[in-house]
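Before any comments, here is the structure.
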Amino acid sequence: MTNHVLEREYGDEEPSLGWMHDGVYELFEQEGQSYRWQTEEQLVAVTEKLS
């Protein structure tokens, strides 16, 4: 089983998730398993790609 992270982006805002979360997200991104989205359409497209 492969894990993926679907991370919502909020435009110009940079939500602070803390250093521990940032490190985990970086690992997923390095492995090509991190996906960012802003709109519902983008979320649907990403989830369809992963199914």
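Chain lettering (A, B, ...) mirrors the order of the structure tokens, residue numbering begins at 1 for each chain separately, and ligand numbering begins at 1 in order of display.
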Q | Expected answer as an NGL selection string: strand (DSSP E or B) residues in chain A | A | :A and (5-8 or 10 or 13 or 34-37)
Q. What's the 8 Å shell around range 31-38 of chain A, counting only C-alpha atoms, without same-chain residues fewer than 3 positions away, as a ChimeraX atom specification?
A. /A:3-11,25,27-28,42-43,46
Q: Please measure the separation of CA of Thr2 in chain A and CA of Lys49 in chain A, giving the value in Å to one decimal.
A: 13.7 Å
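For the atom pair formed by CA of Val44 in chain A and CA of Gln30 in chain A, the distance is 22.6 Å, given to one decimal.
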(Q) From a backbone DSSP assignment, name each residue in range 2-50 of chain A labelled helix (DSSP H, G or I), as a ChimeraX atom specification. (A) /A:19-30,40-50
